[in-house]
Amino acid sequence: MTPDDKLYVVDWDQPMMAPKERDFMFVIGPSLSGFEVGSREEALFYQGYGKAEIDLLALAYYRYEWTVQDIGAFGEQVFTMEWAGDPTKQRATEAIISMFGPNGMVTTAHRLDDLFFGAA
């Protein structure tokens, strides 16, 4: 809280130097529980964040990067964690499949690719 009553929030969970698109992948678009583009929630986010130019290619990159990490982590649960029971393995498998669904991380990244490069 600043002397002029402005509130700033600092997220100290895995801090890193990265472009804003690394954070925006969590709020732009439906994957990762983000806001739908054009929604009231998105407008409120930008009201608090401020006007920002978004590099669609960078945003797509970070979505792909997150997907690769998740596939590795969920795949590890399915194939190498002997202690993981069938319900855990089932949820991990469903999580991987959902990444490629209509609002999944990969599908959303492909849409950003299309916006940046133009649909083929």
# chains A, B, ... in the order shown; residues from 1 in each chain; ligands from 1
$ residues_around --residues "stretch 52-60 of chain A" --least-positions-apart "2" --cutoff "6 Å" --atoms "only C-alpha atoms" --output "list in words"
Glu21, Tyr62, Arg63, Ala109 and Leu112 of chain A
$ write_last_selection --atoms "all heavy atoms" --output "PDB file, in the first residue's frame"
ATOM      1  N   GLU A  21       4.035 -11.200 -21.128  1.00  0.00           N
ATOM      2  CA  GLU A  21       3.236 -12.272 -21.730  1.00  0.00           C
ATOM      3  C   GLU A  21       3.322 -13.560 -20.919  1.00  0.00           C
ATOM      4  O   GLU A  21       2.406 -14.374 -20.938  1.00  0.00           O
ATOM      5  CB  GLU A  21       3.682 -12.511 -23.180  1.00  0.00           C
ATOM      6  CG  GLU A  21       3.249 -11.432 -24.148  1.00  0.00           C
ATOM      7  CD  GLU A  21       4.105 -10.171 -24.098  1.00  0.00           C
ATOM      8  OE1 GLU A  21       5.177 -10.171 -23.460  1.00  0.00           O
ATOM      9  OE2 GLU A  21       3.694  -9.168 -24.719  1.00  0.00           O
ATOM     10  N   TYR A  62       4.851 -18.921 -24.578  1.00  0.00           N
ATOM     11  CA  TYR A  62       4.739 -19.293 -23.169  1.00  0.00           C
ATOM     12  C   TYR A  62       3.639 -20.320 -22.935  1.00  0.00           C
ATOM     13  O   TYR A  62       3.749 -21.159 -22.047  1.00  0.00           O
ATOM     14  CB  TYR A  62       4.558 -18.057 -22.285  1.00  0.00           C
ATOM     15  CG  TYR A  62       5.863 -17.313 -22.126  1.00  0.00           C
ATOM     16  CD1 TYR A  62       6.052 -16.067 -22.689  1.00  0.00           C
ATOM     17  CD2 TYR A  62       6.918 -17.894 -21.433  1.00  0.00           C
ATOM     18  CE1 TYR A  62       7.266 -15.397 -22.558  1.00  0.00           C
ATOM     19  CE2 TYR A  62       8.133 -17.238 -21.299  1.00  0.00           C
ATOM     20  CZ  TYR A  62       8.296 -15.996 -21.866  1.00  0.00           C
ATOM     21  OH  TYR A  62       9.492 -15.360 -21.734  1.00  0.00           O
ATOM     22  N   ARG A  63       2.596 -20.293 -23.748  1.00  0.00           N
ATOM     23  CA  ARG A  63       1.566 -21.336 -23.637  1.00  0.00           C
ATOM     24  C   ARG A  63       2.138 -22.696 -24.062  1.00  0.00           C
ATOM     25  O   ARG A  63       1.897 -23.706 -23.416  1.00  0.00           O
ATOM     26  CB  ARG A  63       0.341 -20.974 -24.463  1.00  0.00           C
ATOM     27  CG  ARG A  63      -0.452 -19.835 -23.865  1.00  0.00           C
ATOM     28  CD  ARG A  63      -1.720 -19.575 -24.671  1.00  0.00           C
ATOM     29  NE  ARG A  63      -2.414 -18.426 -24.167  1.00  0.00           N
ATOM     30  CZ  ARG A  63      -3.285 -18.436 -23.169  1.00  0.00           C
ATOM     31  NH1 ARG A  63      -3.556 -19.568 -22.563  1.00  0.00           N
ATOM     32  NH2 ARG A  63      -3.882 -17.331 -22.784  1.00  0.00           N
ATOM     33  N   ALA A 109      -2.970 -21.635 -27.930  1.00  0.00           N
ATOM     34  CA  ALA A 109      -1.699 -21.201 -28.520  1.00  0.00           C
ATOM     35  C   ALA A 109      -1.782 -21.224 -30.047  1.00  0.00           C
ATOM     36  O   ALA A 109      -1.284 -20.304 -30.712  1.00  0.00           O
ATOM     37  CB  ALA A 109      -0.554 -22.081 -28.027  1.00  0.00           C
ATOM     38  N   LEU A 112      -3.480 -18.171 -31.226  1.00  0.00           N
ATOM     39  CA  LEU A 112      -2.568 -17.019 -31.200  1.00  0.00           C
ATOM     40  C   LEU A 112      -1.614 -17.059 -32.384  1.00  0.00           C
ATOM     41  O   LEU A 112      -1.315 -16.020 -32.982  1.00  0.00           O
ATOM     42  CB  LEU A 112      -1.794 -16.983 -29.888  1.00  0.00           C
ATOM     43  CG  LEU A 112      -2.631 -16.689 -28.644  1.00  0.00           C
ATOM     44  CD1 LEU A 112      -1.839 -16.996 -27.388  1.00  0.00           C
ATOM     45  CD2 LEU A 112      -3.118 -15.256 -28.649  1.00  0.00           C
TER      46      LEU A 112
END
$ atom_distance --atom1 "atom CA of A:Val106" --atom2 "atom CA of A:Tyr64"
6.4 Å
$ residues_around --residues "A:Trp66" --least-positions-apart "5" --cutoff "10 Å" --atoms "only C-alpha atoms" --output "PyMOL selection string"
chain A and resi 22+25+60-61+71-72+105-106
$ write_last_selection --atoms "all heavy atoms" --output "PDB file, in the first residue's frame"
ATOM      1  N   ARG A  22       4.410 -13.751 -20.194  1.00  0.00           N
ATOM      2  CA  ARG A  22       4.550 -14.931 -19.328  1.00  0.00           C
ATOM      3  C   ARG A  22       3.458 -14.935 -18.267  1.00  0.00           C
ATOM      4  O   ARG A  22       2.894 -15.963 -17.939  1.00  0.00           O
ATOM      5  CB  ARG A  22       5.949 -14.955 -18.694  1.00  0.00           C
ATOM      6  CG  ARG A  22       6.170 -16.009 -17.621  1.00  0.00           C
ATOM      7  CD  ARG A  22       6.131 -17.417 -18.211  1.00  0.00           C
ATOM      8  NE  ARG A  22       6.549 -18.449 -17.297  1.00  0.00           N
ATOM      9  CZ  ARG A  22       5.868 -18.873 -16.231  1.00  0.00           C
ATOM     10  NH1 ARG A  22       4.753 -18.315 -15.891  1.00  0.00           N
ATOM     11  NH2 ARG A  22       6.335 -19.855 -15.494  1.00  0.00           N
ATOM     12  N   MET A  25      -0.406 -15.146 -19.914  1.00  0.00           N
ATOM     13  CA  MET A  25      -0.970 -16.426 -20.372  1.00  0.00           C
ATOM     14  C   MET A  25      -1.960 -16.976 -19.357  1.00  0.00           C
ATOM     15  O   MET A  25      -2.801 -17.792 -19.686  1.00  0.00           O
ATOM     16  CB  MET A  25       0.123 -17.445 -20.675  1.00  0.00           C
ATOM     17  CG  MET A  25       0.746 -18.079 -19.476  1.00  0.00           C
ATOM     18  SD  MET A  25       1.751 -19.467 -20.022  1.00  0.00           S
ATOM     19  CE  MET A  25       2.587 -19.839 -18.512  1.00  0.00           C
ATOM     20  N   ALA A  60       1.948 -16.985 -27.264  1.00  0.00           N
ATOM     21  CA  ALA A  60       1.838 -18.360 -27.769  1.00  0.00           C
ATOM     22  C   ALA A  60       3.025 -19.192 -27.297  1.00  0.00           C
ATOM     23  O   ALA A  60       2.857 -20.339 -26.859  1.00  0.00           O
ATOM     24  CB  ALA A  60       1.764 -18.360 -29.295  1.00  0.00           C
ATOM     25  N   TYR A  61       4.224 -18.627 -27.365  1.00  0.00           N
ATOM     26  CA  TYR A  61       5.417 -19.347 -26.918  1.00  0.00           C
ATOM     27  C   TYR A  61       5.263 -19.812 -25.478  1.00  0.00           C
ATOM     28  O   TYR A  61       5.529 -20.975 -25.164  1.00  0.00           O
ATOM     29  CB  TYR A  61       6.671 -18.468 -27.038  1.00  0.00           C
ATOM     30  CG  TYR A  61       7.838 -19.058 -26.294  1.00  0.00           C
ATOM     31  CD1 TYR A  61       8.608 -20.071 -26.862  1.00  0.00           C
ATOM     32  CD2 TYR A  61       8.143 -18.650 -24.994  1.00  0.00           C
ATOM     33  CE1 TYR A  61       9.660 -20.637 -26.160  1.00  0.00           C
ATOM     34  CE2 TYR A  61       9.194 -19.220 -24.289  1.00  0.00           C
ATOM     35  CZ  TYR A  61       9.945 -20.219 -24.873  1.00  0.00           C
ATOM     36  OH  TYR A  61      10.973 -20.789 -24.173  1.00  0.00           O
ATOM     37  N   ILE A  71       2.969 -31.671 -19.746  1.00  0.00           N
ATOM     38  CA  ILE A  71       2.984 -33.022 -20.306  1.00  0.00           C
ATOM     39  C   ILE A  71       4.048 -33.855 -19.605  1.00  0.00           C
ATOM     40  O   ILE A  71       3.817 -35.014 -19.254  1.00  0.00           O
ATOM     41  CB  ILE A  71       3.199 -32.991 -21.834  1.00  0.00           C
ATOM     42  CG1 ILE A  71       1.934 -32.464 -22.523  1.00  0.00           C
ATOM     43  CG2 ILE A  71       3.552 -34.387 -22.363  1.00  0.00           C
ATOM     44  CD1 ILE A  71       2.095 -32.212 -24.010  1.00  0.00           C
ATOM     45  N   GLY A  72       5.213 -33.257 -19.358  1.00  0.00           N
ATOM     46  CA  GLY A  72       6.266 -33.972 -18.635  1.00  0.00           C
ATOM     47  C   GLY A  72       5.845 -34.333 -17.224  1.00  0.00           C
ATOM     48  O   GLY A  72       6.022 -35.473 -16.774  1.00  0.00           O
ATOM     49  N   MET A 105      -4.739 -25.477 -23.653  1.00  0.00           N
ATOM     50  CA  MET A 105      -3.556 -24.646 -23.811  1.00  0.00           C
ATOM     51  C   MET A 105      -3.001 -24.697 -25.237  1.00  0.00           C
ATOM     52  O   MET A 105      -2.636 -23.672 -25.801  1.00  0.00           O
ATOM     53  CB  MET A 105      -2.493 -25.092 -22.803  1.00  0.00           C
ATOM     54  CG  MET A 105      -1.285 -24.214 -22.770  1.00  0.00           C
ATOM     55  SD  MET A 105      -1.598 -22.555 -22.158  1.00  0.00           S
ATOM     56  CE  MET A 105      -1.461 -22.833 -20.423  1.00  0.00           C
ATOM     57  N   VAL A 106      -2.925 -25.874 -25.822  1.00  0.00           N
ATOM     58  CA  VAL A 106      -2.369 -26.003 -27.177  1.00  0.00           C
ATOM     59  C   VAL A 106      -3.293 -25.340 -28.196  1.00  0.00           C
ATOM     60  O   VAL A 106      -2.838 -24.592 -29.069  1.00  0.00           O
ATOM     61  CB  VAL A 106      -2.125 -27.487 -27.536  1.00  0.00           C
ATOM     62  CG1 VAL A 106      -1.715 -27.641 -28.983  1.00  0.00           C
ATOM     63  CG2 VAL A 106      -1.076 -28.091 -26.609  1.00  0.00           C
TER      64      VAL A 106
END
$ select_by_dssp --residues "chain A" --states "alpha helix (DSSP H)" --output "ChimeraX atom specification"
/A:20-24,40-49,56-79,86-98,105-117
$ residues_around --residues "A:Glu76" --least-positions-apart "5" --cutoff "12 Å" --atoms "only C-alpha atoms" --output "PyMOL selection string"
chain A and resi 69-71+81-84+88-89+92-93+96
$ atom_distance --atom1 "atom CA of A:Ile97" --atom2 "atom CA of A:Arg111"
17.7 Å
$ residues_around --residues "stretch 4-16 of chain A" --least-positions-apart "6" --cutoff "12 Å" --atoms "only C-alpha atoms" --output "PyMOL selection string"
chain A and resi 22-23+48-49
$ write_last_selection --atoms "N, CA, C and O atoms" --output "compact mmCIF listing (two decimals), in the first residue's frame"
# COMPACT_ATOMS: atom_id res chain seq x y z
N ARG A 22 4.41 -13.75 -20.19
CA ARG A 22 4.55 -14.93 -19.33
C ARG A 22 3.46 -14.93 -18.27
O ARG A 22 2.89 -15.96 -17.94
N ASP A 23 3.15 -13.77 -17.72
CA ASP A 23 2.06 -13.66 -16.75
C ASP A 23 0.70 -13.61 -17.44
O ASP A 23 -0.28 -14.16 -16.93
N GLY A 48 -6.89 -2.47 -13.78
CA GLY A 48 -5.91 -2.50 -12.71
C GLY A 48 -4.49 -2.57 -13.21
O GLY A 48 -3.58 -1.95 -12.65
N TYR A 49 -4.26 -3.31 -14.29
CA TYR A 49 -2.90 -3.51 -14.81
C TYR A 49 -2.41 -2.28 -15.57
O TYR A 49 -1.24 -1.93 -15.53
